[in-house]
Each structure stands twice: as structure tokens, then as C-alpha cells.
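Next comes query-v3.tsv, with TSV, C-alpha atoms.
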chain	number	residue	atom	x	y	z
A	1	MET	CA	-29.83	-3.65	52.56
A	2	LYS	CA	-31.02	-4.67	49.10
A	3	SER	CA	-28.63	-6.76	47.03
A	4	GLU	CA	-28.61	-4.15	44.24
A	5	GLU	CA	-27.16	-1.59	46.65
A	6	ARG	CA	-24.06	-3.58	47.49
A	7	LYS	CA	-23.30	-4.47	43.90
A	8	SER	CA	-20.34	-2.81	42.30
A	9	PHE	CA	-19.96	-1.87	38.66
A	10	LYS	CA	-16.89	-1.57	36.48
A	11	ILE	CA	-16.35	1.46	34.33
A	12	GLU	CA	-13.73	1.93	31.65
A	13	PRO	CA	-12.76	5.25	30.13
A	14	ILE	CA	-13.82	5.91	26.55
A	15	GLY	CA	-11.04	8.44	26.09
A	16	THR	CA	-8.80	11.05	27.70
A	17	ILE	CA	-9.33	14.78	28.21
A	18	HIS	CA	-6.43	17.12	27.45
A	19	SER	CA	-6.35	20.61	28.90
A	20	PRO	CA	-3.76	23.27	29.74
A	21	PHE	CA	-4.11	22.35	33.44
A	22	THR	CA	-1.47	19.97	34.77
A	23	LYS	CA	-2.08	21.00	38.40
A	24	ALA	CA	-5.35	21.55	40.27
A	25	ASP	CA	-4.12	24.91	41.48
A	26	GLY	CA	-5.68	27.52	39.21
A	27	VAL	CA	-8.17	25.32	37.32
A	28	PRO	CA	-11.52	27.10	36.86
A	29	ILE	CA	-13.97	25.57	39.34
A	30	GLN	CA	-16.74	25.40	36.70
A	31	SER	CA	-16.82	25.51	32.90
A	32	ALA	CA	-18.95	28.67	33.28
A	33	PHE	CA	-15.74	30.27	34.62
A	34	ALA	CA	-13.44	28.85	31.92
A	35	LYS	CA	-13.95	31.25	29.03
A	36	GLY	CA	-11.12	30.97	26.52
A	37	VAL	CA	-9.74	27.68	27.83
A	38	GLU	CA	-9.33	25.20	24.98
A	39	GLY	CA	-8.34	21.56	24.90
A	40	TRP	CA	-9.09	18.32	23.15
A	41	ILE	CA	-10.35	14.83	23.85
A	42	ASP	CA	-8.95	11.63	22.39
A	43	ILE	CA	-11.71	9.08	21.97
A	44	LEU	CA	-10.66	5.44	21.85
A	45	PRO	CA	-11.10	4.05	18.33
A	46	ASP	CA	-13.65	1.46	19.52
A	47	PHE	CA	-16.09	4.25	20.27
A	48	THR	CA	-15.73	6.71	17.40
A	49	GLY	CA	-18.79	5.18	15.69
A	50	GLY	CA	-20.87	6.72	18.46
A	51	LEU	CA	-19.74	10.27	17.59
A	52	SER	CA	-21.97	10.70	14.50
A	53	ASP	CA	-24.42	13.60	14.72
A	54	LEU	CA	-22.61	15.04	17.75
A	55	GLU	CA	-21.05	17.95	15.87
A	56	GLY	CA	-24.49	19.55	15.47
A	57	PHE	CA	-24.50	20.31	19.18
A	58	GLU	CA	-22.91	23.53	20.37
A	59	ARG	CA	-22.33	22.20	23.86
A	60	ILE	CA	-21.81	18.71	25.28
A	61	TRP	CA	-21.83	17.15	28.73
A	62	LEU	CA	-18.63	15.37	29.65
A	63	LEU	CA	-18.78	12.79	32.42
A	64	TYR	CA	-15.33	12.01	33.74
A	65	TRP	CA	-13.38	10.39	36.54
A	66	PHE	CA	-11.75	12.73	39.09
A	67	HIS	CA	-8.52	10.73	38.89
A	68	LYS	CA	-6.56	13.05	41.19
A	69	ALA	CA	-9.20	13.45	43.88
A	70	SER	CA	-8.34	12.76	47.51
A	71	LYS	CA	-10.23	10.07	49.40
A	72	VAL	CA	-13.90	10.56	50.28
A	73	GLN	CA	-14.70	13.43	52.64
A	74	LEU	CA	-18.37	13.70	53.64
A	75	LYS	CA	-17.88	17.27	54.87
A	76	VAL	CA	-15.90	19.71	52.78
A	77	LYS	CA	-15.12	23.40	52.76
A	78	PRO	CA	-16.12	24.34	49.20
A	79	TYR	CA	-14.14	26.85	47.15
A	80	LEU	CA	-17.11	29.21	47.31
A	81	ASP	CA	-17.60	29.19	51.08
A	82	SER	CA	-15.72	29.50	54.35
A	83	VAL	CA	-17.64	26.87	56.31
A	84	GLU	CA	-17.97	23.11	55.92
A	85	ARG	CA	-20.88	21.75	53.90
A	86	GLY	CA	-22.23	18.27	53.26
A	87	LEU	CA	-20.35	16.75	50.31
A	88	PHE	CA	-23.51	16.10	48.26
A	89	ALA	CA	-24.47	19.77	48.56
A	90	THR	CA	-21.20	20.63	46.77
A	91	ARG	CA	-19.39	19.81	43.52
A	92	ALA	CA	-16.15	18.83	45.31
A	93	PRO	CA	-14.33	15.88	43.69
A	94	CYS	CA	-13.69	13.78	46.84
A	95	ARG	CA	-16.90	11.77	46.35
A	96	PRO	CA	-17.73	8.06	46.94
A	97	ASN	CA	-17.96	7.74	43.14
A	98	PRO	CA	-15.67	10.53	41.94
A	99	ILE	CA	-17.54	11.38	38.76
A	100	GLY	CA	-17.57	14.96	37.46
A	101	ILE	CA	-19.93	16.56	34.96
A	102	SER	CA	-19.07	19.59	32.81
A	103	ALA	CA	-20.97	21.16	29.93
A	104	VAL	CA	-18.20	22.32	27.57
A	105	ARG	CA	-18.36	23.99	24.19
A	106	LEU	CA	-17.75	21.65	21.24
A	107	LEU	CA	-15.62	23.38	18.61
A	108	ARG	CA	-15.17	20.59	16.06
A	109	ILE	CA	-14.60	16.88	15.63
A	110	ASP	CA	-11.73	15.45	13.62
A	111	GLY	CA	-11.85	11.65	13.49
A	112	CYS	CA	-11.46	10.52	17.09
A	113	LYS	CA	-10.42	13.95	18.35
A	114	LEU	CA	-12.93	16.38	19.83
A	115	TYR	CA	-11.78	19.98	20.13
A	116	VAL	CA	-13.51	21.73	23.02
A	117	ALA	CA	-13.53	25.03	24.89
A	118	GLU	CA	-14.53	26.30	28.36
A	119	LEU	CA	-12.76	23.39	29.97
A	120	ASP	CA	-12.59	23.19	33.77
A	121	ILE	CA	-10.89	19.78	33.82
A	122	LEU	CA	-7.35	18.56	34.63
A	123	ASP	CA	-5.13	17.32	31.81
A	124	GLY	CA	-5.14	13.53	31.53
A	125	THR	CA	-8.60	13.08	33.05
A	126	PRO	CA	-10.29	9.82	31.98
A	127	LEU	CA	-13.52	10.44	30.03
A	128	LEU	CA	-16.49	8.18	30.86
A	129	ASP	CA	-19.31	9.50	28.70
A	130	ILE	CA	-20.51	12.27	26.38
A	131	LYS	CA	-24.11	13.47	26.14
A	132	PRO	CA	-25.57	16.33	24.11
A	133	TYR	CA	-26.40	19.48	26.08
A	134	ILE	CA	-30.08	20.23	25.43
A	135	PRO	CA	-31.55	23.27	27.24
A	136	LYS	CA	-35.08	21.87	27.22
A	137	PHE	CA	-33.79	18.84	29.14
A	138	ASP	CA	-31.08	20.52	31.20
A	139	TYR	CA	-32.39	23.90	32.20
A	140	PHE	CA	-34.78	24.35	35.09
A	141	GLN	CA	-35.79	27.57	36.75
A	142	VAL	CA	-35.17	27.28	40.45
A	143	LYS	CA	-35.79	29.70	43.29
A	144	ARG	CA	-33.59	28.07	45.92
A	145	THR	CA	-29.90	27.22	45.62
A	146	GLY	CA	-29.09	26.69	49.30
A	147	TRP	CA	-25.77	27.86	50.70
A	148	ILE	CA	-24.65	29.08	47.26
A	149	GLU	CA	-27.02	32.07	47.61
A	150	LYS	CA	-25.02	33.49	50.49
A	151	ALA	CA	-21.64	31.99	49.63
A	152	GLN	CA	-18.73	33.89	51.12
A	153	SER	CA	-16.22	33.61	48.31
A	154	GLU	CA	-16.07	34.99	44.80
A	155	THR	CA	-13.24	32.72	43.67
A	156	LYS	CA	-13.46	31.14	40.25
A	157	LEU	CA	-10.28	29.04	40.52
A	158	ALA	CA	-9.47	25.80	42.33
A	159	ASP	CA	-6.56	25.04	44.64
A	160	ASN	CA	-5.07	21.79	45.95
A	161	ARG	CA	-7.49	21.14	48.80
A	162	PHE	CA	-9.20	18.13	47.20
A	163	LEU	CA	-6.10	16.65	45.65
A	164	LYS	CA	-4.61	13.23	46.38
A	165	ASN	CA	-1.65	13.46	48.78
A	166	SER	CA	-2.30	17.06	49.67
A	167	LYS	CA	-3.59	18.29	52.97
B	1	MET	CA	-2.84	4.10	23.91
B	2	LYS	CA	-1.99	5.74	27.23
B	3	SER	CA	-2.10	3.56	30.32
B	4	GLU	CA	-4.73	5.80	31.96
B	5	GLU	CA	-7.15	5.03	29.12
B	6	ARG	CA	-7.18	1.28	29.66
B	7	LYS	CA	-7.58	1.53	33.41
B	8	SER	CA	-10.89	0.52	34.85
B	9	PHE	CA	-12.56	1.94	37.94
B	10	LYS	CA	-14.95	0.41	40.41
B	11	ILE	CA	-18.10	2.20	41.41
B	12	GLU	CA	-20.48	1.28	44.20
B	13	PRO	CA	-23.99	2.65	44.59
B	14	ILE	CA	-24.59	5.10	47.44
B	15	GLY	CA	-28.31	4.26	47.49
B	16	THR	CA	-31.35	3.14	45.51
B	17	ILE	CA	-33.93	5.18	43.62
B	18	HIS	CA	-37.60	4.26	44.06
B	19	SER	CA	-40.16	5.37	41.51
B	20	PRO	CA	-43.59	4.27	40.28
B	21	PHE	CA	-41.94	2.80	37.16
B	22	THR	CA	-41.29	-0.92	37.29
B	23	LYS	CA	-41.08	-1.24	33.49
B	24	ALA	CA	-39.29	0.98	30.94
B	25	ASP	CA	-42.45	1.20	28.89
B	26	GLY	CA	-44.10	4.51	29.75
B	27	VAL	CA	-41.28	6.10	31.77
B	28	PRO	CA	-40.91	9.82	30.93
B	29	ILE	CA	-37.80	10.15	28.74
B	30	GLN	CA	-36.60	13.21	30.69
B	31	SER	CA	-37.38	14.70	34.10
B	32	ALA	CA	-38.62	17.77	32.22
B	33	PHE	CA	-41.48	15.52	31.04
B	34	ALA	CA	-42.14	13.95	34.45
B	35	LYS	CA	-44.34	16.53	36.15
B	36	GLY	CA	-46.21	15.03	39.10
B	37	VAL	CA	-44.10	11.86	39.32
B	38	GLU	CA	-42.89	11.35	42.89
B	39	GLY	CA	-40.54	8.84	44.44
B	40	TRP	CA	-37.86	8.50	47.08
B	41	ILE	CA	-34.23	7.58	47.41
B	42	ASP	CA	-32.75	5.43	50.14
B	43	ILE	CA	-29.22	6.56	50.90
B	44	LEU	CA	-26.92	4.01	52.51
B	45	PRO	CA	-26.24	4.92	56.16
B	46	ASP	CA	-22.48	5.29	55.48
B	47	PHE	CA	-23.17	8.34	53.33
B	48	THR	CA	-25.91	10.24	55.16
B	49	GLY	CA	-23.27	12.56	56.68
B	50	GLY	CA	-22.79	13.99	53.19
B	51	LEU	CA	-26.45	15.11	52.96
B	52	SER	CA	-26.11	18.18	55.21
B	53	ASP	CA	-27.00	21.46	53.50
B	54	LEU	CA	-28.61	19.64	50.57
B	55	GLU	CA	-32.18	20.46	51.58
B	56	GLY	CA	-31.59	24.13	50.70
B	57	PHE	CA	-31.49	23.20	47.02
B	58	GLU	CA	-34.74	23.06	45.11
B	59	ARG	CA	-33.33	20.72	42.50
B	60	ILE	CA	-30.56	18.11	42.53
B	61	TRP	CA	-28.63	16.15	39.92
B	62	LEU	CA	-28.85	12.40	40.32
B	63	LEU	CA	-26.15	10.30	38.67
B	64	TYR	CA	-27.25	6.69	38.42
B	65	TRP	CA	-26.52	3.34	36.80
B	66	PHE	CA	-28.83	2.26	33.95
B	67	HIS	CA	-29.10	-1.22	35.45
B	68	LYS	CA	-31.64	-2.47	32.91
B	69	ALA	CA	-29.93	-1.12	29.78
B	70	SER	CA	-29.18	-3.41	26.88
B	71	LYS	CA	-25.59	-3.86	25.74
B	72	VAL	CA	-23.73	-1.03	24.05
B	73	GLN	CA	-25.13	0.17	20.73
B	74	LEU	CA	-23.07	2.88	19.02
B	75	LYS	CA	-25.97	3.79	16.72
B	76	VAL	CA	-29.44	4.12	18.14
B	77	LYS	CA	-32.84	5.28	17.00
B	78	PRO	CA	-33.71	7.80	19.73
B	79	TYR	CA	-37.25	8.15	21.10
B	80	LEU	CA	-37.41	11.60	19.54
B	81	ASP	CA	-36.40	10.65	16.01
B	82	SER	CA	-37.09	8.16	13.28
B	83	VAL	CA	-33.52	7.72	12.04
B	84	GLU	CA	-30.39	6.30	13.69
B	85	ARG	CA	-28.03	8.69	15.43
B	86	GLY	CA	-24.59	8.31	17.00
B	87	LEU	CA	-25.02	7.12	20.59
B	88	PHE	CA	-23.10	10.07	22.11
B	89	ALA	CA	-25.44	12.50	20.34
B	90	THR	CA	-28.33	10.93	22.30
B	91	ARG	CA	-29.31	10.24	25.90
B	92	ALA	CA	-30.01	6.55	25.24
B	93	PRO	CA	-29.00	4.24	28.12
B	94	CYS	CA	-27.09	1.59	26.10
B	95	ARG	CA	-23.73	3.36	26.66
B	96	PRO	CA	-20.20	2.02	27.28
B	97	ASN	CA	-20.54	3.40	30.82
B	98	PRO	CA	-24.30	3.34	31.36
B	99	ILE	CA	-24.53	6.38	33.62
B	100	GLY	CA	-27.62	8.60	33.53
B	101	ILE	CA	-28.04	12.15	34.79
B	102	SER	CA	-31.36	13.68	35.85
B	103	ALA	CA	-32.10	16.97	37.57
B	104	VAL	CA	-35.05	16.16	39.83
B	105	ARG	CA	-36.96	18.27	42.32
B	106	LEU	CA	-35.99	17.71	45.96
B	107	LEU	CA	-39.08	17.78	48.17
B	108	ARG	CA	-37.59	16.97	51.58
B	109	ILE	CA	-35.03	14.87	53.39
B	110	ASP	CA	-35.91	12.61	56.30
B	111	GLY	CA	-32.80	10.91	57.73
B	112	CYS	CA	-31.43	8.79	54.93
B	113	LYS	CA	-34.56	9.16	52.73
B	114	LEU	CA	-34.78	11.82	50.04
B	115	TYR	CA	-38.26	12.53	48.70
B	116	VAL	CA	-38.12	13.73	45.12
B	117	ALA	CA	-40.39	14.66	42.22
B	118	GLU	CA	-40.17	14.86	38.42
B	119	LEU	CA	-38.54	11.44	38.31
B	120	ASP	CA	-37.75	9.87	34.92
B	121	ILE	CA	-35.99	6.85	36.42
B	122	LEU	CA	-36.86	3.15	36.80
B	123	ASP	CA	-37.68	1.78	40.24
B	124	GLY	CA	-34.67	0.05	41.83
B	125	THR	CA	-32.05	2.05	39.93
B	126	PRO	CA	-28.70	2.23	41.76
B	127	LEU	CA	-27.74	5.79	42.70
B	128	LEU	CA	-24.08	6.79	42.19
B	129	ASP	CA	-23.94	10.45	43.16
B	130	ILE	CA	-25.93	13.56	44.07
B	131	LYS	CA	-24.89	17.11	43.17
B	132	PRO	CA	-26.74	20.38	43.72
B	133	TYR	CA	-28.40	21.87	40.63
B	134	ILE	CA	-27.05	25.41	40.25
B	135	PRO	CA	-28.29	27.40	37.24
B	136	LYS	CA	-25.18	29.56	37.08
B	137	PHE	CA	-23.11	26.38	36.65
B	138	ASP	CA	-25.61	24.30	34.68
B	139	TYR	CA	-27.37	26.63	32.32
B	140	PHE	CA	-25.82	27.73	29.06
B	141	GLN	CA	-27.50	29.52	26.21
B	142	VAL	CA	-26.93	27.57	23.03
B	143	LYS	CA	-27.95	28.24	19.46
B	144	ARG	CA	-27.40	24.75	18.05
B	145	THR	CA	-28.88	21.49	19.34
B	146	GLY	CA	-28.22	19.27	16.33
B	147	TRP	CA	-30.77	16.68	15.25
B	148	ILE	CA	-33.04	17.61	18.19
B	149	GLU	CA	-34.01	20.81	16.33
B	150	LYS	CA	-35.74	18.87	13.60
B	151	ALA	CA	-36.63	15.75	15.56
B	152	GLN	CA	-39.51	13.81	14.09
B	153	SER	CA	-41.25	12.66	17.24
B	154	GLU	CA	-43.13	14.45	19.99
B	155	THR	CA	-43.12	11.48	22.35
B	156	LYS	CA	-42.40	12.10	26.01
B	157	LEU	CA	-42.46	8.46	27.12
B	158	ALA	CA	-39.97	5.61	26.78
B	159	ASP	CA	-40.57	2.10	25.49
B	160	ASN	CA	-38.56	-1.14	25.73
B	161	ARG	CA	-36.13	-0.53	22.87
B	162	PHE	CA	-33.05	-0.05	25.09
B	163	LEU	CA	-33.93	-2.69	27.64
B	164	LYS	CA	-31.90	-5.80	28.46
B	165	ASN	CA	-33.30	-8.91	26.76
B	166	SER	CA	-35.66	-6.99	24.56
B	167	LYS	CA	-35.30	-6.57	20.83
For this file, write the structure as C-alpha cells.
Amino acid sequence: MKSEERKSFKIEPIGTIHSPFTKADGVPIQSAFAKGVEGWIDILPDFTGGLSDLEGFERIWLLYWFHKASKVQLKVKPYLDSVERGLFATRAPCRPNPIGISAVRLLRIDGCKLYVAELDILDGTPLLDIKPYIPKFDYFQVKRTGWIEKAQSETKLADNRFLKNSK
Amino acid sequence: MKSEERKSFKIEPIGTIHSPFTKADGVPIQSAFAKGVEGWIDILPDFTGGLSDLEGFERIWLLYWFHKASKVQLKVKPYLDSVERGLFATRAPCRPNPIGISAVRLLRIDGCKLYVAELDILDGTPLLDIKPYIPKFDYFQVKRTGWIEKAQSETKLADNRFLKNSK
């Protein structure tokens, strides 16, 4: 066990994500399934200096904390399948470090408010980071996408299965 | 200021990334520029149960802690440009929450070792999370990519500018 591995790090939100979704039930499971869903992000004033040049990007990555996720489950039944899969082969929120990533559409920036669309995120979610979405960095052609290729479900909406205090 | 915003969260690595890069100088700035670079990841034994079904995916997202990044800089001169840009419009590591994302190629899994390629990450970097790379979730056509469209530099390799104790 190397010392680096057992270290822990502290993270502090840089803002809060606001969406129409106050419950997990019915949230689109991916931003690709969230057409028409709009919301906004309040960035803490300390960090607004870092927002320059962002508005030129049509889409941005949000990194955020799954603040309502249940405790870690190393095997999960994903929304898109009917059998259990290894957690790291899924996007389920009940992760050792419950960090989500979503590439949402950036509509406009007004001071410390970012207006966004195609949101698949719960209202009140703490925002950790923003990065520009750049296809030449973020798009890779792949032939194999594991269990997803023969996934049993067509659902595009979440339910409460990965929520705190729900079983 | 909402209470959620001032909360802090603790994260603990789930493993360590090993690459040929012991210094920032010369590391590919993106995995898209890291053809032929191989390395491996040691996953802590507690979490190997979550690796089932992952081997079916050709490519995986790694979320990791930029453990050598300098302190936060809200304006940075990116590798690809000659003028300063807002931090959140760049992928620079000197972020309030220094979390990086890279989609690397998964070669094979052997117990708690993941062999990977197209690595743009420093040796010894703490790993926070793994997610499957799924083009239908992760690829978006975009028309606008801000300053990147007219970026001044063609470099594909990093230098020490964002490193701790280097200026």
C-alpha cells in the first residue's frame, strides 16, 4: 500500500446546480436524454474570474457531487439492464467517490450565473468543476461498449434505486 | 450563500495510476495525443469487486487527482494558446478541485491491475473513479469550441508551468 493511496483530499463546491428535478424519480439518466431541460448554476463569487472565455463553448463538462447517492455498492443493477454489473462498468452514483460528469449545453453566462440546457442533474447538486467540451479531446471511436451493447432496457429516466434512505 | 455550497467533502483514492511520465515536462496534454503510451493502474483490493463487466469496454474514463498541480490560478496561459484564458475554459490542472478526466484505452484487467494505453497522466497519480466510455452518452456534435478554434499553438506536450513549486 503506497502512502499516496491512503491519502484523502478535501473538495469544496465551487457552486450549486439548479434544475427542475427535486426528486431522483424521473431525472434523465444522461444529458443525451435531457433535451429541453433547462436550469442554471450559481458560481461562488470567489471563482467567477475563472469563467472568462467559457461562453465561446457550446457545451461544457460539469463535475459534481452526487449528494443524494446511497452508500457505496460495488454491484448494481443499472437502469439500462436487468442484471447486476460491476459498479465501475456503470454510471451509477453510489460510488466510493460519488463524482458525476455531464456534458451540458451552455446557453449564456450572466455574472456568476450560468444558464444551461440538457441537464440530467438533481436540483441543489454541488458543483465541483467546469471544463470545456472539446470533441477532439473527448470523442473517441470505439467498437466495444460491453454490456451496454445488449442492454435489456430502453429507459431514459432514473428512479430512486440509488438514493440515500431508499431501498 | 446556501449551506450546501460551503460544505466540503472528503475523497479517497481507489488506486494509483502508473505511467512512463515521472515529470510533467513532455507528458501528452490529452489522451488523444498519447498514442502508444502504456501504463497500468493498481486498484485497492477493497474495490476490485466493482471491476466486473468493465473489460467489455474498449475505453474508460479515469477521474484522478492532479497531485502535482500548483495552487489555484483563475487565469492561465494554456498549452494551446499564447494569451491568458479563464481557468474553467481550459483543462489546466491548477483548479479549485484539481480533478482530471481522461478517456484511456483499456487493454486488459488482471485481478486488481488494469493495463491501459493512451495515457496522458503523471506516474503516481491518485485515481478517484472509473466510468465506462460510451459514445452515445459522451459524444455531442458541437459547432462552437471557443478559443480552441483559433488557438495559436500546435503543441501536444505539457511543460512545468502548472506544477507545484515551479514558476
So that each row is one residue of range 42-64 of chain B with an atom at most 7 Å from range 83-105 of chain B, can you give its shortest atom pair and the distance in Å to one decimal, using only C-alpha atoms, rows by chain and rising number, as a tab-separated table?
residue	atom	partner	partner_atom	distance
B:Glu58	CA	B:Arg105	CA	6.0
B:Arg59	CA	B:Arg105	CA	4.4
B:Ile60	CA	B:Ala103	CA	5.3
B:Trp61	CA	B:Ala103	CA	4.3
B:Leu62	CA	B:Ser102	CA	5.3
B:Leu63	CA	B:Ile101	CA	4.7
B:Tyr64	CA	B:Gly100	CA	5.3
Query raised in the report: What residues in chain B lie within 7 Å of chain A, counting only C-alpha atoms, written as a PyMOL selection string?
Result: chain B and resi 4-13+15-16+30+32+49-54+56-58+74-75+85-91+97+126+128-132+134+137+139+142-147
Name all residues at most 9 Å from Lys23 in chain A (count all atoms listed in the file; drop same-chain ones fewer than 5 positions away) and give them as a PDB file with C-alpha atoms, keeping the file's coordinate frame.
ATOM      1  CA  LEU A 122      -7.350  18.560  34.630  1.00  0.00           C
ATOM      2  CA  ASP A 123      -5.130  17.320  31.810  1.00  0.00           C
ATOM      3  CA  ASP A 159      -6.560  25.040  44.640  1.00  0.00           C
ATOM      4  CA  ASN A 160      -5.070  21.790  45.950  1.00  0.00           C
TER       5      ASN A 160
END
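Taking CA of Val37 in chain A and CA of Glu154 in chain A as the two end points, the separation is 19.5 Å.
The neighbours of Ile109 in chain A here are the residues that come within 10 Å of it, using only C-alpha atoms and leaving out any residue fewer than 2 positions away in the same chain; they are A:Trp40, A:Ile41, A:Leu51, A:Ser52, A:Leu54, A:Glu55, A:Leu106, A:Leu107, A:Gly111, A:Cys112, A:Lys113, A:Leu114, A:Tyr115, A:Val116.
Computed from the coordinates, the CA of Ala151 in chain A to CA of Phe66 in chain A distance equals 24.1 Å.
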Query - Interatomic distance (Å, one decimal) between CA of Gly36 in chain B and CA of Asp120 in chain B - result: 10.8 Å
Query - Non-local contacts of Gln152 in chain A (7 Å; all atoms listed in the file; under 5 positions in same chain excluded) as a PyMOL selection string - result: chain A and resi 80-82
Writing out the chosen residues with C-alpha atoms as an mmCIF file, in the coordinates of the input:
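Once written, out06.cif looks like this:
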data_model
loop_
_atom_site.group_PDB
_atom_site.id
_atom_site.type_symbol
_atom_site.label_atom_id
_atom_site.label_comp_id
_atom_site.auth_asym_id
_atom_site.auth_seq_id
_atom_site.Cartn_x
_atom_site.Cartn_y
_atom_site.Cartn_z
ATOM 1 C CA LEU A 80 -17.110 29.210 47.310
ATOM 2 C CA ASP A 81 -17.600 29.190 51.080
ATOM 3 C CA SER A 82 -15.720 29.500 54.350
#
**Report entry** Residues near Tyr79 in chain A, cut-off 8 Å, only C-alpha atoms, skip fewer than 6 positions along chain, as number ranges by chain
**Finding:** A: 29, 153, 155, 157-158
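Among the candidates A:Pro28, A:Gly39, A:Thr22, A:Lys68, the one nearest to Phe162 in chain A when counting only C-alpha atoms is A:Lys68.
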